[in-house]
Amino acid sequence: MESATPKVEEPVRFSTHPSRYHHWKLHVDGAVARLVMAVDDQHPLRGGYVLKLNSYDLGVDIELADAVQRLRFEHPEVRAVLVSSGTDNCFCAGANIYMLGASTHAFKVNFCKFTNETRLYLEEASAKSGQTYIAALNGVASGGGYELALACETIYLQDDGSSAVSFPETPLLAVLPGTGGLTRLVDKRKVRRDLADVFSTLAEGVRGKRSKDWGLVDDVFAKSRFDAEVKKRADALVAAAAPKDEGPGILLADVAPTRSEDGAKLVSSYRYVEFTVDRETRTATLLVRGPTSPAATDGKTLREQGSDHWHLRAFRELDDALLDLRFNHPTVGLLVLETSGDPEAVRAHDEALAGLGGDWLGREISLLVARVLRRLDLTARSLFATLRPGSCFAGSLFELALSADRSYMLASQDDDAPRIGLSSLNFGALPMSNGLTRLETRFLARPEHAASLRDVRHLFDHDAALEHGLVTFTPDDIDWDDDVRIAVEERASLSPDALTGMEANLRFAGPETMETKIFARLSAWQNWIFQRPNAVGERGALTMYGRPERPEFDWRRT
Amino acid sequence: MSNVSSERIPNNVDLASDRKLQRALEAWQPRFIDWWMEMGPEGFQSDQVYLRTAISVEADGWAHFDYVKMPDYRWGIFLTPPTQSRTIGFGDNLGKPVWDTVPGEHRNALRRLIVTQGDTEPASVEQQRLLGQTCPSLYDLRNLFQVNVEEGRHLWAMVYLLHSYFGRDGREEAEALLERRSGNEDKPRILGAFNEPCRHWLSFFMFTYFTDRDGKYQLLALAESGFDPLARTTRFMLTEEAHHMFVGETGVGRIVERTIELTQKNSNGDARAEGGIDLPTLQKYVNLWYSVSLDLFGGEISSNAANYFASGLKARAKEDRYEDHLVLDEVMSFEVPRADRSGFDRQDVPLRNAMNEVLRGEYVEDSQRGVDKWNRQLEEAGLAFRITLPSTRFHRATGLYAGLHFDPEGRLLSEAEWQAQKGQFLPTEDDETYVSSLMQRPIYEPGKMAHWIAPPAKGIKGRPIDFEYVRRQDI
Ligand SMILES: [Fe+2]
Ligand SMILES: [Fe+2]
C-alpha cells in the first residue's frame, strides 16, 4: 500500500512559469538572456529548512528546468544565457544539506536524477539549440553550485580573494557531488585527474588564478570589471554565432491534468495522456493517444499550432506524468505503457516533424521528444509495454515499447489487431543516453538488422514483429489476460532495489557517454555512499553536519 | 648581510638554523617591506620614531624602547615559551597531548583561522595610513605608529605559522596577505570592519578601543588552541594588544575630558560650538564601531564554531575558568527573528554551535568597562549625558539580525523607520565632515595638543608629555 509512506506530503507539482518563480529571475535582452539565482530562503518546497546562501531544493530546480525549456521555445532569438547570482559574495552553495538530511532515500535519488537531467538539458541547449550557457560566478560556487557551473559551456569566476569553486562533499559531508560534477571535471573539462583529486578533497576550494591554471574555470576577472568582461564575452559569442531568423517564439501553455480518484485508483487526465495509478497493486498505466488532426508540414502551420502541436503537447504531458510517478508515487514499481490511435497518423506526424528538422521549432520539438524518452529510460520503475487492439505503437510512440523492459503484443487476426510501424524518427532523431537509437541498442549483436529495418515501410503484425525482434511475447486472446496479469504480479513482487539495479544494467548496453557515466555513477556510487553509516549513520558526517559533535567513521574500505 | 638573519629579525624560533623558514622569509620579507612602503604610514617613513621593539620573550626584552625609522623596524617572531606536557583543554580531544605540528585532518580549518586572523593585521595599518597627517600631537602620532608596527609584527607572527607549518599553500597565503587591500573593491580584506574607512582620529580611537578588542578575544580563544604553535604565538601577541586598547580607551577618555570642558564653557552646553566633539556625535561613533566589531565574531549559530571547538582548534577565552570543557549537553537560547518580522521565536542551540556568541558575550562585558570609566568622568563633571553600548542586534551585517533594522535599544524598525532615524544613530556624512574639519592640520610641536582632545595623564616609558616622540625629518 502506498500509504505505508511515513508522512503524507503535498504532492510535488512541476508546472510553473516565470511569473510565479520564487528563486530565479529570467531577463531576456535581445540575444542575451540572464538567469539570476536569487533563492528566497524562506520559501523551501517543504518546510523545515531554510535555503541559505542560494542553496537549492527541488523547487528551485523545477524553476530552473522551466526556464531552460522556455528559453528554447519562447525565446529562440537568445544565443547566450548568463547564469549568475543575485546574492552578493555567493553564487550558489549547492543542494541544501538540511533538506537532504530530512529527505527519504528515494526522494534524494530522484531529486539528484532530476537535477542531473536539468543540467544535461542545459548542455543540450548549448550544443543543439544554439543557446550557449555561460556561468558568471560572482561569488562562491560550492558543491552543486559548481556543478551547475560545470553544466555551462564557459565558466568565469570573480577574482576578489574570496570567490572560489569547490567540491566540499567528500571532506565535509562524506558523500559525493551528486550532479555529475566529478565526471564533468575529468570528462568534460578534462581537468587532470591528480589536480581533480586535490580539488575534490579541498573543502574551501580553489580561487583566483589557480582555478584557471587548473582548468576549473575558463577565466577570472577582478570584481570591478567582472560584469563588463562577462558581458563582453557574451556579446562576442552572440556576434560569432550564425545569424538565425528565428523569432518569435511560441508560448508554452500549461499541461496540468485534471485529477480524479476512483477507489484505489488515481487518474490524471491530460489531453493526450492518461496516467492511472493503482495504489492497491502498486502499478500504474500510462496511455498515450495518437494524433487525430492532420500534421503540420510547414513552419507556418507549426507555429500556428504552437504548444498544441501533437508531439509537443503529448510528450510534455508524458514528461509531467513521469515526474508525478517518480516523486509522488514512490511505491509504484511497475509502469504499463499503452497507446491508442492510428499508427499511420503517428507515422504521418513523425515524417512531417522529421521534414521540419531545418526549422528551429521542428528541431526543438524533436529534441524535446528525445528528452522525454530518455527521462522514461531513466525512470527506475519496471516498464512493460502492452500492445493491444486499437493501439498505435508506431514511430515515436513505438519508442515507448523499445524503452520498456519487455513488451506484450496481442496475437490477433482481427481488423483492429495491434500493428507496429516505424518512421524516420526511429533512426537517429531520438537517441538514448548512450548516443545510440533504441533499435541500435536493442540489436547490438546485429547492427545490420537495425539498419535494414529502415527500409520497411509497411506495418508489422504480431508475427512479423516477433520475427523481427520488435516485441518480447505475442500471447493470443486466450492466454493474454493470464500471461499479462501474472507477469505484472510477478514483477510487482520482486525486490525493488534488485530490480532497479538489474534494469539499469540491461537498459543501457552499448557505449558509455558522459551522460551514461553520470547516471550510472549516480545510481551506483552516490546512492551507495548516501546509504552508508559513514554518511547517514548515527555518527555519520551528513548526520553530524551542523551539529556540535564530529563524525566518526568505520575505517574499513571495500 | 642577508635581510633574513637573527639580527634583523629578532626571534625565539631558532631562525638561524631553520632553512625552511629562512627560504620562505627571504622571498617574503622584501615583499613585506614593499607593502609597508606602499601601504604603511604615508609621509613618515624616514622619521625617527620612539618605538618599543620586542627583542626577546624575557621580561626585560619584549619592550625595548629606542628611536627607529619605521622601515628599519625589527619585526620579530616570538612565541611564548612552551608549557611542558601541555594537553588540549577542550572539545573532543580533551586531555590529549597538544599538537606540535598541524594534524592533516584540521589543516584547512587551521589555515583558515590563521589567515583570517592574519588578514586583520595589515588591514588596520592600511586603514590608518593617512592619519599621521592629521595627528593631534606627537605623543599620539607615536602611539599610532606603535600600533602600526605591532600590527605589522602580528602579521609576521601569523606568517611565521603559515611558513613553518603549511608548506607551499602557506607561502601562497602569506603572499596573499600582502596582496589584499582594505576597502579595495577587487581585493578586499576578508572581514567587514577591516574594509571600513578610518578617516579621522575619532574613528582611530574607536577602532583601537572596539576593533582591537575583538582581536583580543580572538587571540584569547586561539591562545587555548590544541595546535601549540598557534597558542604560543597568540599568547605573545596579547601582550602587545593591550597597548592598542590602551590607546583607544585613553584616546576616547581624553576626548571626553576635553568635551566636558568645552560643554561647560559654552553657555548652551554645546561642545560643537566650541570646536569640540559633542557627546551625541561621540555616541554615534561608539554605535558604529561597536556594531561593526560585533560582526567580527561571526554568526550567532555557527557549525564552523562548533567544529573549531569540537576539534580543539579554538576555545572560549580563558577556557580554564569554565568547568565543563566538553560542552555536549548545554544549550544557549536565542531570540530568532521570524521571517515575516512579526516578532521573535525562542530557539535552543547546542552551546558548541553558539561559541561565537559566548565569545561575543565576553567582549560585550569587557567593552562596557571602558564605557563605565568615560561615564564616571561625565558623572564627576556633573553632566547628565551617559555613553551607552547599543543592543547587539543594532546595525549587524552578520548573523541572526543581519538584514533587519533595530534601534540602539534593540527594537525592530521597519525599513522606512530605519531610513528616517539612522542619522540619529550612526555618523552622517555631515558628522564625518565636521569631525574631519577639526583635524585639518597635524600638530608636530612637542607637548602641544589639538583643540578637541585633552593631553594624556603621562608620557610613554617615563618620558614627559612634551618629549619629542617623533623626530620629523622632512619638514
Ligand atoms: Fe593585532
Ligand atoms: Fe591590535
# chains A, B, ... in the order shown; residues from 1 in each chain; ligands from 1
>>> residues_near_ligand(ligand="ligand 2", cutoff="10 Å", atoms="only C-alpha atoms and all ligand atoms", output="JSON list (two decimals) with C-alpha atoms, in the first residue's frame")
[["chain", "number", "residue", "atom", "x", "y", "z"],
["B", 120, "THR", "CA", 43.22, 41.81, 10.02],
["B", 121, "GLU", "CA", 46.74, 42.88, 10.98],
["B", 124, "SER", "CA", 44.33, 48.02, 10.10],
["B", 125, "VAL", "CA", 47.67, 49.51, 9.04],
["B", 146, "GLN", "CA", 53.48, 51.90, 17.66],
["B", 147, "VAL", "CA", 50.15, 50.29, 16.91],
["B", 148, "ASN", "CA", 51.02, 50.13, 13.21],
["B", 149, "VAL", "CA", 54.41, 48.45, 13.58],
["B", 150, "GLU", "CA", 52.98, 45.99, 16.07],
["B", 151, "GLU", "CA", 50.13, 45.11, 13.74],
["B", 152, "GLY", "CA", 52.93, 44.53, 11.26],
["B", 153, "ARG", "CA", 54.57, 42.21, 13.77],
["B", 154, "HIS", "CA", 51.28, 40.39, 14.30],
["B", 207, "PHE", "CA", 38.80, 51.35, 16.28],
["B", 208, "THR", "CA", 41.57, 50.68, 18.78],
["B", 209, "TYR", "CA", 39.04, 50.54, 21.59],
["B", 211, "THR", "CA", 38.01, 46.57, 17.00],
["B", 212, "ASP", "CA", 41.37, 45.78, 18.60],
["B", 213, "ARG", "CA", 39.33, 44.39, 21.46],
["B", 214, "ASP", "CA", 37.77, 41.90, 19.09],
["B", 215, "GLY", "CA", 41.37, 41.00, 18.29],
["B", 216, "LYS", "CA", 42.00, 40.46, 21.97],
["B", 237, "MET", "CA", 50.60, 38.84, 20.68],
["B", 238, "LEU", "CA", 48.23, 39.53, 23.56],
["B", 240, "GLU", "CA", 51.10, 43.89, 22.56],
["B", 241, "GLU", "CA", 47.37, 44.10, 22.01],
["B", 242, "ALA", "CA", 46.89, 45.54, 25.48],
["B", 243, "HIS", "CA", 48.68, 48.73, 24.44],
["B", 244, "HIS", "CA", 46.44, 49.15, 21.39],
["B", 245, "MET", "CA", 43.33, 49.08, 23.53]]
>>> residues_around(residues="Pro197 of chain B", least_positions_apart="3", cutoff="10 Å", atoms="only C-alpha atoms", output="list of chain:residue names")
B:Ser124, B:Glu126, B:Gln127, B:Gln128, B:Ser182, B:Gly183, B:Ala193, B:Phe194, B:His200, B:Ser203, B:Phe204
>>> interface_residues(of="chain B", to="chain A", cutoff="10 Å", atoms="only C-alpha atoms", output="ChimeraX atom specification")
/B:91-92,105,108-109,112,176-177,179-180,184-190,301-311,326-329,339-340,349-354
>>> write_last_selection(atoms="N, CA and C atoms", output="short mmCIF file (atom, residue, chain, number, x, y, z; two decimals), in the first residue's frame")
data_model
loop_
_atom_site.label_atom_id
_atom_site.label_comp_id
_atom_site.auth_asym_id
_atom_site.auth_seq_id
_atom_site.Cartn_x
_atom_site.Cartn_y
_atom_site.Cartn_z
N GLY B 91 36.93 20.31 24.06
CA GLY B 91 36.48 19.61 22.85
C GLY B 91 36.69 18.11 22.92
N ASP B 92 36.52 17.47 21.78
CA ASP B 92 36.56 16.01 21.73
C ASP B 92 37.94 15.44 22.02
N GLU B 105 44.00 16.34 9.41
CA GLU B 105 42.54 16.42 9.47
C GLU B 105 42.07 17.86 9.67
N ASN B 108 42.98 22.43 6.91
CA ASN B 108 42.24 23.51 6.26
C ASN B 108 41.62 24.47 7.26
N ALA B 109 41.05 23.89 8.31
CA ALA B 109 40.39 24.75 9.30
C ALA B 109 41.41 25.64 9.98
N ARG B 112 42.55 28.38 7.72
CA ARG B 112 41.53 29.42 7.60
C ARG B 112 41.53 30.34 8.82
N ALA B 176 49.37 36.29 -0.27
CA ALA B 176 48.04 36.88 -0.47
C ALA B 176 47.72 37.90 0.63
N LEU B 177 48.28 37.69 1.83
CA LEU B 177 48.04 38.64 2.91
C LEU B 177 48.59 40.02 2.56
N GLU B 179 48.64 41.05 -0.59
CA GLU B 179 48.00 41.48 -1.84
C GLU B 179 46.63 42.09 -1.63
N ARG B 180 45.90 41.60 -0.63
CA ARG B 180 44.59 42.21 -0.38
C ARG B 180 44.78 43.62 0.16
N ASN B 184 39.43 47.86 -0.83
CA ASN B 184 39.55 47.75 -2.29
C ASN B 184 38.45 46.83 -2.82
N GLU B 185 37.76 47.30 -3.81
CA GLU B 185 36.62 46.54 -4.33
C GLU B 185 37.05 45.19 -4.88
N ASP B 186 38.20 45.17 -5.54
CA ASP B 186 38.64 43.93 -6.18
C ASP B 186 39.37 42.98 -5.25
N LYS B 187 40.10 43.54 -4.31
CA LYS B 187 40.85 42.68 -3.40
C LYS B 187 40.62 43.12 -1.97
N PRO B 188 39.39 43.00 -1.50
CA PRO B 188 39.11 43.49 -0.16
C PRO B 188 39.75 42.61 0.90
N ARG B 189 39.90 43.16 2.09
CA ARG B 189 40.28 42.35 3.24
C ARG B 189 39.10 41.43 3.57
N ILE B 190 39.39 40.36 4.33
CA ILE B 190 38.39 39.31 4.48
C ILE B 190 37.17 39.77 5.30
N ILE B 301 24.76 31.43 15.42
CA ILE B 301 24.64 29.98 15.35
C ILE B 301 25.56 29.53 14.23
N SER B 302 26.59 28.78 14.57
CA SER B 302 27.63 28.51 13.57
C SER B 302 28.16 27.09 13.69
N SER B 303 28.05 26.34 12.59
CA SER B 303 28.62 24.99 12.62
C SER B 303 30.14 25.05 12.55
N ASN B 304 30.68 26.10 11.93
CA ASN B 304 32.14 26.25 11.95
C ASN B 304 32.65 26.40 13.37
N ALA B 305 31.97 27.25 14.13
CA ALA B 305 32.40 27.49 15.50
C ALA B 305 32.35 26.19 16.30
N ALA B 306 31.28 25.41 16.08
CA ALA B 306 31.15 24.12 16.78
C ALA B 306 32.30 23.20 16.39
N ASN B 307 32.62 23.22 15.12
CA ASN B 307 33.67 22.37 14.60
C ASN B 307 35.03 22.76 15.19
N TYR B 308 35.29 24.05 15.24
CA TYR B 308 36.57 24.50 15.81
C TYR B 308 36.68 24.06 17.28
N PHE B 309 35.57 24.19 17.99
CA PHE B 309 35.62 23.82 19.41
C PHE B 309 35.77 22.30 19.55
N ALA B 310 34.95 21.57 18.81
CA ALA B 310 34.99 20.11 18.90
C ALA B 310 36.39 19.58 18.57
N SER B 311 37.02 20.19 17.57
CA SER B 311 38.32 19.69 17.12
C SER B 311 39.47 20.14 18.01
N LEU B 326 33.81 19.87 27.69
CA LEU B 326 33.29 19.07 26.57
C LEU B 326 32.10 19.77 25.92
N VAL B 327 31.29 20.38 26.76
CA VAL B 327 30.15 21.18 26.31
C VAL B 327 29.26 20.40 25.34
N LEU B 328 28.83 19.24 25.78
CA LEU B 328 27.98 18.44 24.91
C LEU B 328 26.50 18.58 25.25
N ASP B 329 26.20 18.96 26.48
CA ASP B 329 24.81 18.94 26.89
C ASP B 329 24.17 20.32 26.99
N ALA B 339 10.49 35.11 10.03
CA ALA B 339 10.68 35.53 8.64
C ALA B 339 9.77 36.69 8.29
N ASP B 340 8.57 36.69 8.84
CA ASP B 340 7.62 37.75 8.48
C ASP B 340 7.78 38.98 9.36
N VAL B 349 19.96 26.31 21.11
CA VAL B 349 21.03 25.88 20.21
C VAL B 349 22.10 25.19 21.05
N PRO B 350 22.62 24.04 20.57
CA PRO B 350 23.71 23.42 21.34
C PRO B 350 24.83 24.44 21.56
N LEU B 351 25.34 24.47 22.76
CA LEU B 351 26.29 25.53 23.11
C LEU B 351 27.52 25.54 22.19
N ARG B 352 27.92 24.38 21.73
CA ARG B 352 29.07 24.36 20.83
C ARG B 352 28.82 25.19 19.57
N ASN B 353 27.58 25.13 19.11
CA ASN B 353 27.24 25.92 17.91
C ASN B 353 27.11 27.40 18.22
N ALA B 354 27.10 27.73 19.52
CA ALA B 354 26.90 29.12 19.92
C ALA B 354 28.21 29.74 20.42
#
>>> residues_around(residues="Gln305 of chain A", least_positions_apart="6", cutoff="12 Å", atoms="only C-alpha atoms", output="PyMOL selection string")
chain A and resi 250-253+293-299+311-313+361-362
>>> write_last_selection(atoms="N, CA, C and O atoms", output="PDB file, in the first residue's frame")
ATOM      1  N   ILE A 250       7.172  30.531 -29.431  1.00  0.00           N
ATOM      2  CA  ILE A 250       5.790  30.167 -29.148  1.00  0.00           C
ATOM      3  C   ILE A 250       5.618  30.100 -27.640  1.00  0.00           C
ATOM      4  O   ILE A 250       6.587  29.877 -26.912  1.00  0.00           O
ATOM      5  N   LEU A 251       4.416  30.317 -27.182  1.00  0.00           N
ATOM      6  CA  LEU A 251       4.184  30.231 -25.740  1.00  0.00           C
ATOM      7  C   LEU A 251       3.869  28.797 -25.348  1.00  0.00           C
ATOM      8  O   LEU A 251       3.106  28.105 -26.038  1.00  0.00           O
ATOM      9  N   LEU A 252       4.473  28.356 -24.267  1.00  0.00           N
ATOM     10  CA  LEU A 252       4.195  27.005 -23.783  1.00  0.00           C
ATOM     11  C   LEU A 252       3.030  27.066 -22.801  1.00  0.00           C
ATOM     12  O   LEU A 252       3.163  27.578 -21.691  1.00  0.00           O
ATOM     13  N   ALA A 253       1.902  26.534 -23.233  1.00  0.00           N
ATOM     14  CA  ALA A 253       0.738  26.536 -22.343  1.00  0.00           C
ATOM     15  C   ALA A 253       0.921  25.474 -21.261  1.00  0.00           C
ATOM     16  O   ALA A 253       1.639  24.498 -21.449  1.00  0.00           O
ATOM     17  N   SER A 293      -5.703  14.992 -35.684  1.00  0.00           N
ATOM     18  CA  SER A 293      -5.818  16.014 -36.733  1.00  0.00           C
ATOM     19  C   SER A 293      -4.595  15.931 -37.641  1.00  0.00           C
ATOM     20  O   SER A 293      -3.608  15.305 -37.285  1.00  0.00           O
ATOM     21  N   PRO A 294      -4.657  16.582 -38.801  1.00  0.00           N
ATOM     22  CA  PRO A 294      -3.537  16.468 -39.746  1.00  0.00           C
ATOM     23  C   PRO A 294      -2.263  17.080 -39.186  1.00  0.00           C
ATOM     24  O   PRO A 294      -2.300  17.979 -38.349  1.00  0.00           O
ATOM     25  N   ALA A 295      -1.142  16.563 -39.688  1.00  0.00           N
ATOM     26  CA  ALA A 295       0.163  17.033 -39.226  1.00  0.00           C
ATOM     27  C   ALA A 295       0.495  18.380 -39.849  1.00  0.00           C
ATOM     28  O   ALA A 295       0.020  18.710 -40.930  1.00  0.00           O
ATOM     29  N   ALA A 296       1.335  19.136 -39.134  1.00  0.00           N
ATOM     30  CA  ALA A 296       1.840  20.398 -39.682  1.00  0.00           C
ATOM     31  C   ALA A 296       3.031  20.064 -40.562  1.00  0.00           C
ATOM     32  O   ALA A 296       3.988  19.458 -40.095  1.00  0.00           O
ATOM     33  N   THR A 297       2.954  20.433 -41.808  1.00  0.00           N
ATOM     34  CA  THR A 297       4.050  20.079 -42.713  1.00  0.00           C
ATOM     35  C   THR A 297       4.898  21.282 -43.088  1.00  0.00           C
ATOM     36  O   THR A 297       5.865  21.152 -43.825  1.00  0.00           O
ATOM     37  N   ASP A 298       4.522  22.474 -42.613  1.00  0.00           N
ATOM     38  CA  ASP A 298       5.359  23.646 -42.888  1.00  0.00           C
ATOM     39  C   ASP A 298       5.494  24.472 -41.612  1.00  0.00           C
ATOM     40  O   ASP A 298       4.689  24.351 -40.681  1.00  0.00           O
ATOM     41  N   GLY A 299       6.508  25.320 -41.607  1.00  0.00           N
ATOM     42  CA  GLY A 299       6.827  26.113 -40.418  1.00  0.00           C
ATOM     43  C   GLY A 299       5.677  26.984 -39.957  1.00  0.00           C
ATOM     44  O   GLY A 299       5.437  27.136 -38.757  1.00  0.00           O
ATOM     45  N   HIS A 311       2.962  16.318 -31.072  1.00  0.00           N
ATOM     46  CA  HIS A 311       4.183  15.815 -30.427  1.00  0.00           C
ATOM     47  C   HIS A 311       4.514  16.624 -29.182  1.00  0.00           C
ATOM     48  O   HIS A 311       4.794  16.071 -28.116  1.00  0.00           O
ATOM     49  N   LEU A 312       4.486  17.938 -29.381  1.00  0.00           N
ATOM     50  CA  LEU A 312       4.906  18.822 -28.297  1.00  0.00           C
ATOM     51  C   LEU A 312       4.007  18.652 -27.082  1.00  0.00           C
ATOM     52  O   LEU A 312       4.472  18.459 -25.956  1.00  0.00           O
ATOM     53  N   ARG A 313       2.714  18.679 -27.332  1.00  0.00           N
ATOM     54  CA  ARG A 313       1.759  18.575 -26.235  1.00  0.00           C
ATOM     55  C   ARG A 313       1.821  17.194 -25.569  1.00  0.00           C
ATOM     56  O   ARG A 313       1.932  17.058 -24.357  1.00  0.00           O
ATOM     57  N   LEU A 361      11.732  25.402 -34.688  1.00  0.00           N
ATOM     58  CA  LEU A 361      10.697  24.848 -33.831  1.00  0.00           C
ATOM     59  C   LEU A 361      10.576  23.332 -34.052  1.00  0.00           C
ATOM     60  O   LEU A 361      10.409  22.566 -33.096  1.00  0.00           O
ATOM     61  N   GLY A 362      10.711  22.921 -35.306  1.00  0.00           N
ATOM     62  CA  GLY A 362      10.708  21.484 -35.589  1.00  0.00           C
ATOM     63  C   GLY A 362      11.843  20.791 -34.850  1.00  0.00           C
ATOM     64  O   GLY A 362      11.657  19.738 -34.219  1.00  0.00           O
TER      65      GLY A 362
END
>>> residues_around(residues="Asn143 of chain B", least_positions_apart="4", cutoff="12 Å", atoms="only C-alpha atoms", output="PyMOL selection string")
chain B and resi 49-52+128+131-132+135-139+147-150+201+204-205+208+243-248+250-251+456+459-461+469-470
>>> residues_around(residues="Asp405 of chain A", least_positions_apart="4", cutoff="7 Å", atoms="only C-alpha atoms", output="ChimeraX atom specification")
/A:382-384
>>> write_last_selection(atoms="C-alpha atoms", output="JSON list (two decimals), in the first residue's frame")
[["chain", "number", "residue", "atom", "x", "y", "z"],
["A", 382, "SER", "CA", 9.81, -1.66, -14.31],
["A", 383, "LEU", "CA", 8.41, -0.77, -17.71],
["A", 384, "PHE", "CA", 6.11, -3.14, -19.59]]
>>> atom_distance(atom1="atom CA of Ser166 of chain A", atom2="atom CA of Trp156 of chain B")
29.1 Å
>>> residues_around(residues="Ile134 of chain A", least_positions_apart="4", cutoff="10 Å", atoms="only C-alpha atoms", output="PyMOL selection string")
chain A and resi 34-35+80-84+126+149-156+230+233-234
>>> residues_around(residues="segment 391-393 of chain B", least_positions_apart="4", cutoff="7 Å", atoms="only C-alpha atoms", output="PyMOL selection string")
chain B and resi 401+406+408-410
>>> select_by_dssp(residues="segment 133-217 of chain A", states="alpha helix (DSSP H)", output="VMD selection string")
chain A and resid 144 to 150 181 to 183 193 to 199 208 to 213
>>> atom_distance(atom1="atom CA of Leu296 of chain B", atom2="atom CA of Leu162 of chain B")
21.8 Å
>>> atom_distance(atom1="atom CA of Gln69 of chain A", atom2="atom CA of Thr516 of chain A")
21.9 Å
>>> closest_residue(among="B:Leu219, B:Leu110, B:Ile77, B:Ile55", to="ligand 1", atoms="only C-alpha atoms and all ligand atoms")
B:Leu219
>>> closest_residue(among="B:Thr80, B:Trp452, B:Arg346, B:Asp407", to="Ala59 of chain B", atoms="only C-alpha atoms")
B:Thr80
>>> select_by_dssp(residues="segment 320-365 of chain B", states="strand (DSSP E)", output="number ranges by chain")
B: 331-337, 344-350
>>> closest_residue(among="B:Asp119, B:Asp18, B:Glu415, B:Glu261", to="ligand 1", atoms="only C-alpha atoms and all ligand atoms")
B:Asp119
>>> closest_residue(among="B:Val98, B:Gly253, B:Glu335, B:Ala221", to="Gln347 of chain B", atoms="only C-alpha atoms")
B:Glu335
>>> closest_residue(among="B:Arg341, B:Lys265, B:Arg321, B:Arg199", to="Tyr434 of chain B", atoms="only C-alpha atoms")
B:Arg199
>>> decode(residues="segment 507-544 of chain A", atoms="C-alpha atoms", output="mmCIF file, in the first residue's frame")
data_model
loop_
_atom_site.group_PDB
_atom_site.id
_atom_site.type_symbol
_atom_site.label_atom_id
_atom_site.label_comp_id
_atom_site.auth_asym_id
_atom_site.auth_seq_id
_atom_site.Cartn_x
_atom_site.Cartn_y
_atom_site.Cartn_z
ATOM 1 C CA ARG A 507 18.739 -0.918 -20.393
ATOM 2 C CA PHE A 508 21.972 0.846 -21.196
ATOM 3 C CA ALA A 509 24.003 -1.593 -23.257
ATOM 4 C CA GLY A 510 26.485 -0.248 -25.748
ATOM 5 C CA PRO A 511 28.931 2.600 -25.498
ATOM 6 C CA GLU A 512 29.445 4.875 -22.498
ATOM 7 C CA THR A 513 28.836 8.577 -22.850
ATOM 8 C CA MET A 514 29.276 11.302 -20.282
ATOM 9 C CA GLU A 515 25.544 11.040 -19.726
ATOM 10 C CA THR A 516 25.506 7.296 -19.076
ATOM 11 C CA LYS A 517 28.511 7.636 -16.797
ATOM 12 C CA ILE A 518 26.831 10.360 -14.809
ATOM 13 C CA PHE A 519 23.653 8.392 -14.247
ATOM 14 C CA ALA A 520 25.391 5.091 -13.669
ATOM 15 C CA ARG A 521 27.720 6.578 -11.114
ATOM 16 C CA LEU A 522 24.904 8.474 -9.500
ATOM 17 C CA SER A 523 22.931 5.256 -9.160
ATOM 18 C CA ALA A 524 25.837 3.120 -8.054
ATOM 19 C CA TRP A 525 28.344 5.162 -6.083
ATOM 20 C CA GLN A 526 26.453 8.183 -4.922
ATOM 21 C CA ASN A 527 23.422 6.182 -3.829
ATOM 22 C CA TRP A 528 25.576 3.619 -2.111
ATOM 23 C CA ILE A 529 27.559 6.213 -0.224
ATOM 24 C CA PHE A 530 24.359 8.017 0.705
ATOM 25 C CA GLN A 531 23.190 4.823 2.419
ATOM 26 C CA ARG A 532 26.369 4.081 4.297
ATOM 27 C CA PRO A 533 26.792 4.651 8.022
ATOM 28 C CA ASN A 534 29.812 6.881 7.351
ATOM 29 C CA ALA A 535 27.405 9.357 5.788
ATOM 30 C CA VAL A 536 23.994 8.754 7.343
ATOM 31 C CA GLY A 537 24.683 6.550 10.357
ATOM 32 C CA GLU A 538 24.184 7.837 13.863
ATOM 33 C CA ARG A 539 27.650 9.397 13.812
ATOM 34 C CA GLY A 540 27.918 9.809 10.040
ATOM 35 C CA ALA A 541 29.199 13.028 8.549
ATOM 36 C CA LEU A 542 25.908 14.006 6.951
ATOM 37 C CA THR A 543 24.024 13.307 10.175
ATOM 38 C CA MET A 544 26.523 15.300 12.207
#
